[in-house]
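Peer 1: upload.tsv is reproduced in full below (TSV, C-alpha atoms).
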```
chain	number	residue	atom	x	y	z
N	1	MET	CA	20.76	-92.72	-22.38
N	2	ILE	CA	20.45	-89.61	-20.24
N	3	PRO	CA	22.78	-89.57	-17.24
N	4	ARG	CA	21.13	-89.42	-13.83
N	5	TYR	CA	22.76	-86.15	-12.77
N	6	GLN	CA	21.27	-84.43	-15.87
N	7	LYS	CA	17.76	-85.66	-14.96
N	8	ILE	CA	18.21	-84.25	-11.43
N	9	LEU	CA	19.53	-80.91	-12.82
N	10	PHE	CA	16.59	-80.67	-15.22
N	11	ALA	CA	14.14	-81.35	-12.41
N	12	VAL	CA	15.77	-78.70	-10.17
N	13	LEU	CA	15.75	-76.11	-12.98
N	14	LEU	CA	12.11	-76.87	-13.77
N	15	VAL	CA	11.10	-76.43	-10.11
N	16	ALA	CA	13.13	-73.15	-9.94
N	17	ALA	CA	11.50	-71.83	-13.15
N	18	LEU	CA	8.01	-72.64	-11.83
N	19	ALA	CA	8.82	-71.00	-8.48
N	20	MET	CA	10.12	-67.84	-10.20
N	21	ALA	CA	7.03	-67.71	-12.40
N	22	GLY	CA	4.87	-67.90	-9.26
N	23	VAL	CA	6.84	-65.10	-7.56
N	24	LEU	CA	6.60	-62.91	-10.69
N	25	TRP	CA	2.85	-63.48	-10.92
N	26	HIS	CA	2.49	-62.52	-7.24
N	27	LEU	CA	4.60	-59.35	-7.67
N	28	ARG	CA	2.60	-58.35	-10.74
N	29	GLN	CA	-0.65	-58.73	-8.80
N	30	ARG	CA	0.66	-56.58	-5.96
N	31	ALA	CA	1.86	-53.88	-8.37
N	32	HIS	CA	-1.54	-53.90	-10.06
N	33	GLU	CA	-3.29	-53.51	-6.71
N	34	ARG	CA	-0.99	-50.62	-5.75
N	35	LEU	CA	-1.76	-48.91	-9.05
N	36	LEU	CA	-5.48	-49.21	-8.48
N	37	GLU	CA	-5.11	-47.80	-4.96
N	38	GLY	CA	-3.16	-44.81	-6.39
N	39	GLN	CA	-5.88	-44.04	-8.92
N	40	ASP	CA	-8.39	-43.85	-6.13
N	41	SER	CA	-6.71	-40.79	-4.64
N	42	ALA	CA	-9.75	-38.53	-4.39
N	43	PRO	CA	-9.11	-35.54	-2.08
N	44	THR	CA	-10.20	-36.21	1.44
N	45	LYS	CA	-11.03	-32.49	1.84
N	46	ALA	CA	-12.84	-30.38	-0.72
N	47	PRO	CA	-10.81	-27.33	-1.88
N	48	GLN	CA	-11.98	-24.12	-0.27
N	49	VAL	CA	-13.22	-21.29	-2.47
N	50	ALA	CA	-11.88	-17.99	-1.13
N	51	PRO	CA	-14.63	-15.51	-0.28
N	52	THR	CA	-15.13	-12.58	-2.63
N	53	GLU	CA	-13.83	-9.30	-1.24
N	54	GLN	CA	-13.36	-5.77	-2.45
N	55	ALA	CA	-9.89	-4.99	-3.81
N	56	ILE	CA	-8.54	-1.60	-4.89
N	57	LEU	CA	-6.36	-1.35	-7.99
N	58	LEU	CA	-4.35	1.77	-8.83
N	59	VAL	CA	-4.48	1.64	-12.60
N	60	ALA	CA	-1.96	3.63	-14.61
N	61	ASN	CA	-2.89	5.71	-17.63
N	62	ASP	CA	-0.13	6.56	-20.11
N	63	ALA	CA	-2.15	9.35	-21.73
N	64	ASP	CA	-1.97	11.67	-18.72
N	65	GLY	CA	0.46	9.89	-16.39
N	66	SER	CA	-2.26	9.34	-13.80
N	67	LEU	CA	-3.03	6.54	-11.34
N	68	LEU	CA	-6.79	5.99	-11.04
N	69	THR	CA	-8.39	3.80	-8.38
N	70	GLN	CA	-10.62	0.93	-9.52
N	71	ALA	CA	-12.59	-1.19	-7.06
N	72	ARG	CA	-13.00	-4.87	-7.94
N	73	SER	CA	-14.67	-7.84	-6.27
N	74	LEU	CA	-12.20	-10.72	-6.20
N	75	PRO	CA	-11.90	-14.02	-4.37
N	76	LEU	CA	-8.95	-13.31	-2.07
N	77	PRO	CA	-6.99	-15.78	0.04
N	78	ALA	CA	-6.44	-15.01	3.73
N	79	ASP	CA	-2.63	-15.18	3.63
N	80	PRO	CA	-1.34	-11.61	3.01
N	81	GLY	CA	1.43	-12.69	0.63
N	82	ALA	CA	-0.93	-14.80	-1.50
N	83	ARG	CA	-3.50	-12.00	-1.31
N	84	ALA	CA	-0.98	-9.45	-2.58
N	85	ARG	CA	-0.04	-11.76	-5.45
N	86	VAL	CA	-3.67	-12.26	-6.53
N	87	ILE	CA	-4.37	-8.50	-6.43
N	88	LEU	CA	-1.21	-7.61	-8.38
N	89	GLY	CA	-2.02	-10.38	-10.86
N	90	ASN	CA	-5.38	-8.72	-11.47
N	91	LEU	CA	-3.67	-5.37	-11.92
N	92	LEU	CA	-1.36	-6.81	-14.58
N	93	ASP	CA	-4.35	-8.49	-16.25
N	94	VAL	CA	-5.85	-4.99	-16.66
N	95	TYR	CA	-2.67	-3.92	-18.47
N	96	ALA	CA	-2.66	-6.99	-20.72
N	97	VAL	CA	-6.06	-6.41	-22.36
N	98	PRO	CA	-6.08	-4.95	-25.90
N	99	ASP	CA	-6.35	-1.14	-25.96
N	100	ALA	CA	-5.33	-0.86	-22.30
N	101	ALA	CA	-4.56	2.67	-21.09
N	102	HIS	CA	-1.17	1.36	-19.93
N	103	PRO	CA	-0.40	-1.56	-22.23
N	104	VAL	CA	1.99	-4.20	-20.88
N	105	ALA	CA	1.89	-7.81	-22.07
N	106	GLY	CA	2.11	-10.77	-19.75
N	107	GLY	CA	-0.81	-10.41	-17.36
N	108	ALA	CA	-1.02	-12.15	-13.99
N	109	ALA	CA	1.87	-14.49	-14.82
N	110	GLY	CA	4.14	-11.45	-14.51
N	111	ILE	CA	3.98	-11.71	-10.71
N	112	ALA	CA	5.90	-14.81	-9.64
N	113	GLN	CA	5.68	-14.24	-5.87
N	114	VAL	CA	5.14	-11.55	-3.25
N	115	PHE	CA	7.00	-11.91	0.05
N	116	LEU	CA	6.18	-9.79	3.09
N	117	MET	CA	8.68	-9.07	5.86
N	118	PRO	CA	9.22	-6.42	8.54
N	119	ALA	CA	10.22	-3.07	7.01
N	120	ALA	CA	13.81	-1.98	7.36
N	121	GLY	CA	14.22	0.79	9.93
N	122	ALA	CA	10.75	0.26	11.39
N	123	LYS	CA	10.35	1.03	15.11
N	124	SER	CA	10.00	-1.95	17.46
N	125	GLY	CA	6.37	-2.94	17.78
N	126	SER	CA	5.58	-1.34	14.44
N	127	SER	CA	3.61	-3.43	11.95
N	128	ASP	CA	5.22	-1.72	8.93
N	129	GLU	CA	6.13	-4.25	6.26
N	130	LEU	CA	8.37	-4.48	3.23
N	131	ALA	CA	6.90	-6.27	0.22
N	132	VAL	CA	9.35	-8.00	-2.11
N	133	VAL	CA	7.68	-8.38	-5.51
N	134	ASN	CA	9.30	-11.06	-7.64
N	135	LEU	CA	8.52	-10.29	-11.28
N	136	SER	CA	8.89	-12.86	-14.04
N	137	SER	CA	11.59	-12.26	-16.63
N	138	GLY	CA	8.95	-12.67	-19.37
N	139	PHE	CA	6.99	-9.70	-18.02
N	140	VAL	CA	10.11	-7.55	-17.74
N	141	ALA	CA	11.29	-8.52	-21.23
N	142	SER	CA	7.94	-7.52	-22.76
N	143	HIS	CA	7.63	-4.26	-20.81
N	144	PRO	CA	7.74	-1.20	-23.12
N	145	SER	CA	10.80	0.99	-22.60
N	146	GLY	CA	10.18	4.53	-21.39
N	147	LEU	CA	10.62	6.73	-18.38
N	148	GLU	CA	6.92	7.37	-17.89
N	149	THR	CA	5.57	3.91	-18.65
N	150	GLU	CA	8.12	2.18	-16.38
N	151	THR	CA	7.60	4.67	-13.54
N	152	LEU	CA	3.83	4.20	-13.78
N	153	THR	CA	4.13	0.40	-13.61
N	154	VAL	CA	6.29	0.60	-10.49
N	155	LEU	CA	4.09	3.22	-8.81
N	156	SER	CA	0.85	1.41	-9.63
N	157	ILE	CA	2.22	-1.80	-8.08
N	158	CYS	CA	3.38	0.09	-4.96
N	159	GLY	CA	0.10	2.02	-4.67
N	160	THR	CA	-2.06	-1.07	-5.18
N	161	LEU	CA	-0.17	-2.97	-2.49
N	162	HIS	CA	-0.58	-0.13	0.00
N	163	ALA	CA	-4.27	0.41	-0.84
N	164	ASN	CA	-5.09	-3.22	0.00
N	165	LEU	CA	-2.50	-3.99	2.66
N	166	PRO	CA	-1.87	-0.65	4.43
N	167	GLN	CA	0.89	-2.17	6.57
N	168	ILE	CA	3.07	-2.32	3.43
N	169	LYS	CA	5.19	0.84	3.52
N	170	GLN	CA	8.15	-0.22	1.38
N	171	VAL	CA	8.47	-2.24	-1.82
N	172	ARG	CA	11.46	-3.85	-3.48
N	173	PHE	CA	11.57	-5.65	-6.81
N	174	LEU	CA	13.31	-8.80	-8.00
N	175	VAL	CA	13.22	-10.43	-11.42
N	176	ASP	CA	13.21	-14.24	-11.33
N	177	GLY	CA	14.57	-13.99	-7.79
N	178	GLN	CA	17.54	-11.83	-8.80
N	179	GLU	CA	18.23	-8.12	-8.36
N	180	ARG	CA	18.13	-6.24	-11.65
N	181	PRO	CA	19.29	-2.65	-12.32
N	182	ASN	CA	16.14	-1.41	-14.06
N	183	LEU	CA	12.78	-2.46	-15.45
N	184	ALA	CA	13.22	-1.77	-19.19
N	185	GLY	CA	16.14	0.65	-19.21
N	186	HIS	CA	14.81	3.42	-16.94
N	187	ALA	CA	12.94	2.68	-13.67
N	188	ASP	CA	15.51	1.84	-11.00
N	189	LEU	CA	14.82	-1.62	-9.52
N	190	THR	CA	17.73	-1.55	-7.07
N	191	ARG	CA	16.12	0.89	-4.65
N	192	THR	CA	13.43	0.50	-2.02
N	193	TYR	CA	10.24	2.32	-3.05
N	194	LEU	CA	8.03	4.01	-0.47
N	195	THR	CA	4.34	3.35	-0.97
N	196	SER	CA	3.64	6.92	0.17
N	197	ASP	CA	5.13	8.08	-3.18
N	198	ALA	CA	2.39	6.27	-5.12
N	199	ALA	CA	-0.77	8.22	-4.38
N	200	PRO	CA	-3.78	7.89	-6.69
N	201	THR	CA	-4.43	10.91	-8.91
N	202	THR	CA	-8.18	11.51	-8.70
N	203	GLY	CA	-11.48	9.83	-9.36
N	204	GLY	CA	-12.17	6.12	-9.44
N	205	SER	CA	-14.61	3.46	-10.56
N	206	ASP	CA	-16.22	0.20	-9.45
N	207	GLN	CA	-16.05	-2.96	-11.54
D	1	MET	CA	14.56	3.75	-31.53
D	2	GLU	CA	15.26	5.75	-28.35
D	3	LYS	CA	18.98	6.29	-28.96
D	4	ALA	CA	18.47	7.65	-32.48
D	5	ALA	CA	15.44	9.79	-31.55
D	6	THR	CA	17.14	11.39	-28.54
D	7	LEU	CA	20.34	12.01	-30.47
D	8	ALA	CA	18.38	13.74	-33.26
D	9	LEU	CA	16.49	15.87	-30.70
D	10	SER	CA	19.68	16.80	-28.83
D	11	VAL	CA	21.43	17.85	-32.05
D	12	ARG	CA	18.46	20.07	-32.98
D	13	LEU	CA	18.27	21.56	-29.51
D	14	ARG	CA	22.01	22.15	-29.32
D	15	SER	CA	21.98	23.98	-32.67
D	16	LEU	CA	19.03	26.18	-31.68
D	17	LEU	CA	20.57	27.05	-28.30
D	18	ALA	CA	23.96	27.77	-29.83
D	19	ALA	CA	22.26	30.05	-32.37
D	20	ARG	CA	20.80	31.97	-29.43
D	21	GLY	CA	24.25	32.44	-27.92
D	22	MET	CA	24.14	29.73	-25.29
D	23	THR	CA	27.04	27.35	-24.67
D	24	VAL	CA	25.90	23.74	-24.89
D	25	VAL	CA	27.75	20.65	-23.65
D	26	THR	CA	26.37	17.32	-24.87
D	27	THR	CA	27.22	13.91	-23.46
D	28	ARG	CA	27.25	12.24	-26.87
D	29	GLU	CA	27.34	13.33	-30.50
D	30	SER	CA	27.13	9.88	-32.07
D	31	ASP	CA	25.58	6.45	-31.56
D	32	ALA	CA	27.60	5.80	-28.41
D	33	THR	CA	26.59	4.42	-25.03
D	34	VAL	CA	27.35	6.72	-22.11
D	35	ASP	CA	26.81	5.54	-18.54
D	36	PRO	CA	24.17	7.67	-16.71
D	37	GLU	CA	26.65	8.50	-13.93
D	38	ARG	CA	29.22	9.59	-16.51
D	39	ARG	CA	26.58	11.93	-17.95
D	40	ALA	CA	26.11	13.43	-14.48
D	41	GLU	CA	29.90	13.86	-14.14
D	42	ILE	CA	30.01	15.76	-17.46
D	43	ALA	CA	27.06	17.96	-16.41
D	44	ASN	CA	28.54	18.71	-12.98
D	45	HIS	CA	31.93	19.50	-14.48
D	46	ALA	CA	30.33	22.01	-16.86
D	47	ARG	CA	28.64	23.86	-13.94
D	48	ALA	CA	25.59	24.15	-16.16
D	49	ALA	CA	22.74	26.62	-15.70
D	50	ALA	CA	20.36	23.83	-16.71
D	51	CYS	CA	20.80	20.09	-17.35
D	52	LEU	CA	18.43	18.12	-19.56
D	53	SER	CA	18.37	14.33	-19.83
D	54	LEU	CA	16.55	13.53	-23.07
D	55	HIS	CA	14.55	10.33	-23.56
D	56	ALA	CA	12.14	8.95	-26.15
D	57	THR	CA	9.41	6.35	-25.90
D	58	GLU	CA	6.68	4.72	-27.96
D	59	SER	CA	4.30	4.74	-24.97
D	60	GLY	CA	2.00	7.55	-23.90
D	61	SER	CA	1.67	10.81	-25.75
D	62	GLY	CA	3.25	14.25	-25.90
D	63	LEU	CA	6.03	15.21	-23.56
D	64	HIS	CA	6.80	13.86	-20.11
D	65	ILE	CA	8.84	16.09	-17.82
D	66	PHE	CA	10.40	14.49	-14.75
D	67	THR	CA	12.17	16.04	-11.81
D	68	SER	CA	13.98	14.01	-9.19
D	69	SER	CA	11.81	12.70	-6.36
D	70	LEU	CA	14.56	13.38	-3.80
D	71	PRO	CA	13.37	15.56	-0.91
D	72	PRO	CA	14.90	19.07	-1.06
D	73	THR	CA	17.86	19.79	1.24
D	74	GLU	CA	20.11	22.77	1.90
D	75	PRO	CA	23.45	22.51	0.07
D	76	GLY	CA	26.28	21.50	2.42
D	77	ARG	CA	30.05	21.59	2.11
D	78	PHE	CA	30.11	17.97	0.98
D	79	ILE	CA	27.47	16.75	-1.44
D	80	PRO	CA	26.57	13.04	-1.39
D	81	TRP	CA	26.86	11.65	-4.90
D	82	LYS	CA	23.68	9.57	-4.84
D	83	THR	CA	21.49	12.46	-3.64
D	84	ALA	CA	23.40	15.40	-5.14
D	85	GLN	CA	20.28	16.69	-6.89
D	86	ALA	CA	18.49	17.20	-3.54
D	87	SER	CA	20.10	20.64	-3.13
D	88	TRP	CA	18.87	21.75	-6.58
D	89	ILE	CA	15.33	20.37	-6.42
D	90	THR	CA	13.66	23.74	-5.89
D	91	ARG	CA	15.37	25.21	-8.95
D	92	SER	CA	14.70	22.03	-10.94
D	93	LEU	CA	10.98	22.31	-10.17
D	94	ALA	CA	11.02	25.96	-11.26
D	95	LEU	CA	12.70	24.98	-14.53
D	96	ALA	CA	10.11	22.21	-15.04
D	97	GLY	CA	7.36	24.79	-14.51
D	98	ALA	CA	8.90	27.16	-17.06
D	99	LEU	CA	9.28	24.47	-19.74
D	100	ASN	CA	5.82	23.07	-18.99
D	101	SER	CA	4.23	26.51	-19.50
D	102	ALA	CA	6.05	27.03	-22.78
D	103	LEU	CA	5.11	23.59	-24.12
D	104	LEU	CA	1.46	23.94	-23.06
D	105	LYS	CA	1.32	27.32	-24.80
D	106	GLU	CA	2.44	25.59	-28.00
D	107	GLY	CA	-0.39	23.07	-27.64
D	108	PHE	CA	1.66	20.05	-26.53
D	109	ASN	CA	0.21	17.45	-24.20
D	110	VAL	CA	2.58	17.56	-21.18
D	111	THR	CA	2.71	15.44	-18.03
D	112	LEU	CA	4.78	16.58	-15.05
D	113	SER	CA	6.03	13.86	-12.69
D	114	ARG	CA	8.78	13.06	-10.25
D	115	THR	CA	10.93	9.94	-10.30
D	116	ASP	CA	14.22	8.49	-9.15
D	117	LEU	CA	16.58	8.38	-12.06
D	118	ILE	CA	20.26	7.55	-11.82
D	119	GLY	CA	22.09	10.37	-13.55
D	120	VAL	CA	19.56	13.12	-12.83
D	121	ASP	CA	19.76	12.33	-9.09
D	122	ASN	CA	23.54	12.89	-9.27
D	123	MET	CA	23.45	16.26	-11.02
D	124	THR	CA	24.43	19.48	-9.24
D	125	CYS	CA	22.37	21.81	-11.46
D	126	PRO	CA	18.69	22.46	-12.14
D	127	ALA	CA	18.03	19.12	-13.87
D	128	LEU	CA	15.14	17.54	-15.73
D	129	ALA	CA	14.48	14.37	-17.66
D	130	ILE	CA	12.41	15.13	-20.74
D	131	GLU	CA	10.81	12.22	-22.56
D	132	ILE	CA	9.34	12.70	-26.01
D	133	ALA	CA	6.44	10.36	-26.81
D	134	PRO	CA	4.38	10.10	-30.02
D	135	LEU	CA	1.78	12.75	-30.79
D	136	ARG	CA	-1.70	11.23	-30.62
D	137	SER	CA	-5.15	12.32	-31.70
D	138	ALA	CA	-8.09	12.35	-29.29
D	139	ASP	CA	-8.90	8.72	-30.13
D	140	GLY	CA	-5.34	7.64	-29.27
D	141	LYS	CA	-4.10	7.17	-32.86
D	142	VAL	CA	-0.47	8.17	-33.46
D	143	THR	CA	-0.22	11.27	-35.63
D	144	ALA	CA	3.55	11.73	-35.31
D	145	GLU	CA	6.16	9.33	-33.94
D	146	ALA	CA	8.74	10.53	-31.44
D	147	ASP	CA	11.41	10.59	-34.17
D	148	ASP	CA	9.28	12.58	-36.62
D	149	ALA	CA	11.45	15.48	-37.89
D	150	ASP	CA	8.73	18.17	-37.87
D	151	TYR	CA	7.51	17.16	-34.42
D	152	GLN	CA	11.05	17.17	-33.04
D	153	ALA	CA	11.76	20.56	-34.64
D	154	HIS	CA	8.66	22.06	-32.97
D	155	VAL	CA	9.62	20.57	-29.58
D	156	ALA	CA	13.27	21.67	-29.87
D	157	ASN	CA	12.29	25.20	-30.87
D	158	THR	CA	9.88	25.52	-27.95
D	159	LEU	CA	12.44	24.16	-25.49
D	160	ALA	CA	15.19	26.45	-26.82
D	161	THR	CA	12.97	29.54	-26.49
D	162	ALA	CA	11.90	28.54	-22.98
D	163	LEU	CA	15.50	27.83	-21.89
D	164	LEU	CA	16.65	31.21	-23.18
D	165	ALA	CA	13.85	32.92	-21.22
D	166	TRP	CA	14.81	30.86	-18.18
D	167	ARG	CA	18.45	31.91	-18.42
D	168	LEU	CA	17.58	35.58	-18.89
D	169	GLU	CA	15.27	35.41	-15.87
D	170	ALA	CA	17.93	33.70	-13.74
D	171	HIS	CA	20.83	35.89	-14.95
D	172	PRO	CA	19.33	39.12	-16.35
```
Let me see the structure of the file written as structure tokens.
Peer 2:
Amino acid sequence: MIPRYQKILFAVLLVAALAMAGVLWHLRQRAHERLLEGQDSAPTKAPQVAPTEQAILLVANDADGSLLTQARSLPLPADPGARARVILGNLLDVYAVPDAAHPVAGGAAGIAQVFLMPAAGAKSGSSDELAVVNLSSGFVASHPSGLETETLTVLSICGTLHANLPQIKQVRFLVDGQERPNLAGHADLTRTYLTSDAAPTTGGSDQ
Amino acid sequence: MEKAATLALSVRLRSLLAARGMTVVTTRESDATVDPERRAEIANHARAAACLSLHATESGSGLHIFTSSLPPTEPGRFIPWKTAQASWITRSLALAGALNSALLKEGFNVTLSRTDLIGVDNMTCPALAIEIAPLRSADGKVTAEADDADYQAHVANTLATALLAWRLEAHP
């Protein structure tokens, strides 16, 4: 003989279990609907393809210590900082190909960011800018050691920046966001470089 | 590689200069690390007629001669440490020209450049950084590494002869 209070308890527990099952089913349905909505996240605006423009690269040559200008057609963003990064990335890609005249591994990934800011000591109203080039530690670690090769890398970066963004008059370097004493044992990375020191040697080519 | 190659070159050069009656002060005679500013202190203390900072690399070819890129200034009573070389730039460029001519005459591939280099920028003497790179053929193949004994001997002999001529010209 089952006592009456046990029958009532059983009935209450059964109703509670059925109610909880209903709530769980409802929650599952809602979660499923949310998931389907998330998958349908197609961009509302098509990504813009930057127009192709002419960029000038000052390409270093270890054989004679020269900086030669090369013109290239590249899709360039409008923002000057992003533009500088794309151009420098292309410059480092030139150095990363096999049999490059100035071989340095790493390519475009060597440039983490380029920040532009008003140049120190510039007169009021002047548009002179300082570019802070943040190199990746991987690029710096793989850079060959040598007075000439390191100097050429620094000068070609400075010259390329000035050739494409003439308002850049000064350049400083960081490595992974930190100041570093030198590139690979020689070229001083603690100083501010003047882009006027990085003039192309002679000649040039279009690619 | 650089430390061993530059030490070998400096020992050769020191011996050749000493044999020609010149007093030579070196910043290291063994596999030791000497701070660039300490090197400049040693050079300045010696009141040298010429200061050479020797380097070696696996990049490029031939010899790379660097003078400081500091703008020339007139020597004052007090010399700023960081730009001490500025007062000697004219004489440093003349020394670079003399060594360049001698090396070119011997058939070396030479590049002349200017750079900022801690150590050289602090020297109060006609100062150069000389970097020895591998010898390469016309197609870029290495024919002698920077630490090759014969190559180094040829370079050291040419530099010693040119430095002697430079000293005789400066102090006949």
Peer 1: Got a sec to check which residues sit within 10 Å of (8.5, 0.8, 1.9), counting all atoms listed in the file, and write them as a list in words?
Peer 2: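 Neighbouring residues, ordered by chain and number, come to Pro118, Ala119, Ala120, Gly121, Ala122, Asp128, Glu129, Leu130, Ala131, Val132, Cys158, His162, Gln167, Ile168, Lys169, Gln170, Val171, Arg172, Thr192, Tyr193, Leu194, Thr195, Ser196 and Asp197 of chain N.
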Peer 1: For the residues in that selection, give me C-alpha atoms as a PDB file, keeping the file's coordinate frame.
Peer 2:
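Below you can see selection22.pdb, which holds the result:
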```
ATOM      1  CA  PRO N 118       9.220  -6.420   8.540  1.00  0.00           C
ATOM      2  CA  ALA N 119      10.220  -3.070   7.010  1.00  0.00           C
ATOM      3  CA  ALA N 120      13.810  -1.980   7.360  1.00  0.00           C
ATOM      4  CA  GLY N 121      14.220   0.790   9.930  1.00  0.00           C
ATOM      5  CA  ALA N 122      10.750   0.260  11.390  1.00  0.00           C
ATOM      6  CA  ASP N 128       5.220  -1.720   8.930  1.00  0.00           C
ATOM      7  CA  GLU N 129       6.130  -4.250   6.260  1.00  0.00           C
ATOM      8  CA  LEU N 130       8.370  -4.480   3.230  1.00  0.00           C
ATOM      9  CA  ALA N 131       6.900  -6.270   0.220  1.00  0.00           C
ATOM     10  CA  VAL N 132       9.350  -8.000  -2.110  1.00  0.00           C
ATOM     11  CA  CYS N 158       3.380   0.090  -4.960  1.00  0.00           C
ATOM     12  CA  HIS N 162      -0.580  -0.130   0.000  1.00  0.00           C
ATOM     13  CA  GLN N 167       0.890  -2.170   6.570  1.00  0.00           C
ATOM     14  CA  ILE N 168       3.070  -2.320   3.430  1.00  0.00           C
ATOM     15  CA  LYS N 169       5.190   0.840   3.520  1.00  0.00           C
ATOM     16  CA  GLN N 170       8.150  -0.220   1.380  1.00  0.00           C
ATOM     17  CA  VAL N 171       8.470  -2.240  -1.820  1.00  0.00           C
ATOM     18  CA  ARG N 172      11.460  -3.850  -3.480  1.00  0.00           C
ATOM     19  CA  THR N 192      13.430   0.500  -2.020  1.00  0.00           C
ATOM     20  CA  TYR N 193      10.240   2.320  -3.050  1.00  0.00           C
ATOM     21  CA  LEU N 194       8.030   4.010  -0.470  1.00  0.00           C
ATOM     22  CA  THR N 195       4.340   3.350  -0.970  1.00  0.00           C
ATOM     23  CA  SER N 196       3.640   6.920   0.170  1.00  0.00           C
ATOM     24  CA  ASP N 197       5.130   8.080  -3.180  1.00  0.00           C
TER      25      ASP N 197
END
```
Peer 1: So which one's closest to chain D, N:Leu76, N:Val175, N:Val133, N:Ala60? Using all atoms listed in the file, please.
Peer 2: N:Ala60
Peer 1: Identify every residue of chain D that has at least one atom within 8 Å of any atom of chain N, counting only C-alpha atoms, and report the result as a PyMOL selection string.
Peer 2: chain D and resi 55-61+64+110-111+113+115-118+131
Peer 1: Can I get the selection written as an mmCIF file, in the coordinates of the input, with C-alpha atoms?
Peer 2:
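And here's out_12.cif as it stands now:
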```cif
data_model
loop_
_atom_site.group_PDB
_atom_site.id
_atom_site.type_symbol
_atom_site.label_atom_id
_atom_site.label_comp_id
_atom_site.auth_asym_id
_atom_site.auth_seq_id
_atom_site.Cartn_x
_atom_site.Cartn_y
_atom_site.Cartn_z
ATOM 1 C CA HIS D 55 14.550 10.330 -23.560
ATOM 2 C CA ALA D 56 12.140 8.950 -26.150
ATOM 3 C CA THR D 57 9.410 6.350 -25.900
ATOM 4 C CA GLU D 58 6.680 4.720 -27.960
ATOM 5 C CA SER D 59 4.300 4.740 -24.970
ATOM 6 C CA GLY D 60 2.000 7.550 -23.900
ATOM 7 C CA SER D 61 1.670 10.810 -25.750
ATOM 8 C CA HIS D 64 6.800 13.860 -20.110
ATOM 9 C CA VAL D 110 2.580 17.560 -21.180
ATOM 10 C CA THR D 111 2.710 15.440 -18.030
ATOM 11 C CA SER D 113 6.030 13.860 -12.690
ATOM 12 C CA THR D 115 10.930 9.940 -10.300
ATOM 13 C CA ASP D 116 14.220 8.490 -9.150
ATOM 14 C CA LEU D 117 16.580 8.380 -12.060
ATOM 15 C CA ILE D 118 20.260 7.550 -11.820
ATOM 16 C CA GLU D 131 10.810 12.220 -22.560
#
```
Peer 1: For a test of reading the model, state the distance in Å between atom CA of Arg38 of chain D and atom CA of Ile79 of chain D, rounded to one decimal.
Peer 2: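 Atom-to-atom, atom CA of Arg38 of chain D and atom CA of Ile79 of chain D are spaced 16.8 Å apart.
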Peer 1: Can you work out the spacing between atom CA of Leu36 of chain N and atom CA of Ala19 of chain N in Å, to one decimal?
Peer 2: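 Between atom CA of Leu36 of chain N and atom CA of Ala19 of chain N the gap works out to 26.1 Å.
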Peer 1: Would you kindly identify which residues have an atom no farther than 10 Å from (-2.6, 4.5, -8.8), using all atoms listed in the file and the file's own coordinates, and write them out as a PDB file with C-alpha atoms, in the frame of the given file?
Peer 2:
```
ATOM      1  CA  ILE N  56      -8.540  -1.600  -4.890  1.00  0.00           C
ATOM      2  CA  LEU N  57      -6.360  -1.350  -7.990  1.00  0.00           C
ATOM      3  CA  LEU N  58      -4.350   1.770  -8.830  1.00  0.00           C
ATOM      4  CA  VAL N  59      -4.480   1.640 -12.600  1.00  0.00           C
ATOM      5  CA  ALA N  60      -1.960   3.630 -14.610  1.00  0.00           C
ATOM      6  CA  ASN N  61      -2.890   5.710 -17.630  1.00  0.00           C
ATOM      7  CA  GLY N  65       0.460   9.890 -16.390  1.00  0.00           C
ATOM      8  CA  SER N  66      -2.260   9.340 -13.800  1.00  0.00           C
ATOM      9  CA  LEU N  67      -3.030   6.540 -11.340  1.00  0.00           C
ATOM     10  CA  LEU N  68      -6.790   5.990 -11.040  1.00  0.00           C
ATOM     11  CA  THR N  69      -8.390   3.800  -8.380  1.00  0.00           C
ATOM     12  CA  GLN N  70     -10.620   0.930  -9.520  1.00  0.00           C
ATOM     13  CA  LEU N 152       3.830   4.200 -13.780  1.00  0.00           C
ATOM     14  CA  THR N 153       4.130   0.400 -13.610  1.00  0.00           C
ATOM     15  CA  VAL N 154       6.290   0.600 -10.490  1.00  0.00           C
ATOM     16  CA  LEU N 155       4.090   3.220  -8.810  1.00  0.00           C
ATOM     17  CA  SER N 156       0.850   1.410  -9.630  1.00  0.00           C
ATOM     18  CA  ILE N 157       2.220  -1.800  -8.080  1.00  0.00           C
ATOM     19  CA  CYS N 158       3.380   0.090  -4.960  1.00  0.00           C
ATOM     20  CA  GLY N 159       0.100   2.020  -4.670  1.00  0.00           C
ATOM     21  CA  THR N 160      -2.060  -1.070  -5.180  1.00  0.00           C
ATOM     22  CA  ALA N 163      -4.270   0.410  -0.840  1.00  0.00           C
ATOM     23  CA  ALA N 198       2.390   6.270  -5.120  1.00  0.00           C
ATOM     24  CA  ALA N 199      -0.770   8.220  -4.380  1.00  0.00           C
ATOM     25  CA  PRO N 200      -3.780   7.890  -6.690  1.00  0.00           C
ATOM     26  CA  THR N 201      -4.430  10.910  -8.910  1.00  0.00           C
ATOM     27  CA  THR N 202      -8.180  11.510  -8.700  1.00  0.00           C
ATOM     28  CA  GLY N 204     -12.170   6.120  -9.440  1.00  0.00           C
TER      29      GLY N 204
END
```
Peer 1: Which distance in Å separates atom CA of Ser73 of chain N and atom CA of Asn90 of chain N, to one decimal?
Peer 2: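 So the two atoms, atom CA of Ser73 of chain N and atom CA of Asn90 of chain N, lie 10.7 Å apart.
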Peer 1: Can you list, as a PyMOL selection string, every protein, DNA or RNA residue that comes within 7 Å of Leu54 of chain D when you count all atoms listed in the file, leaving out same-chain residues fewer than 6 positions away?
Peer 2: chain D and resi 6+129-131
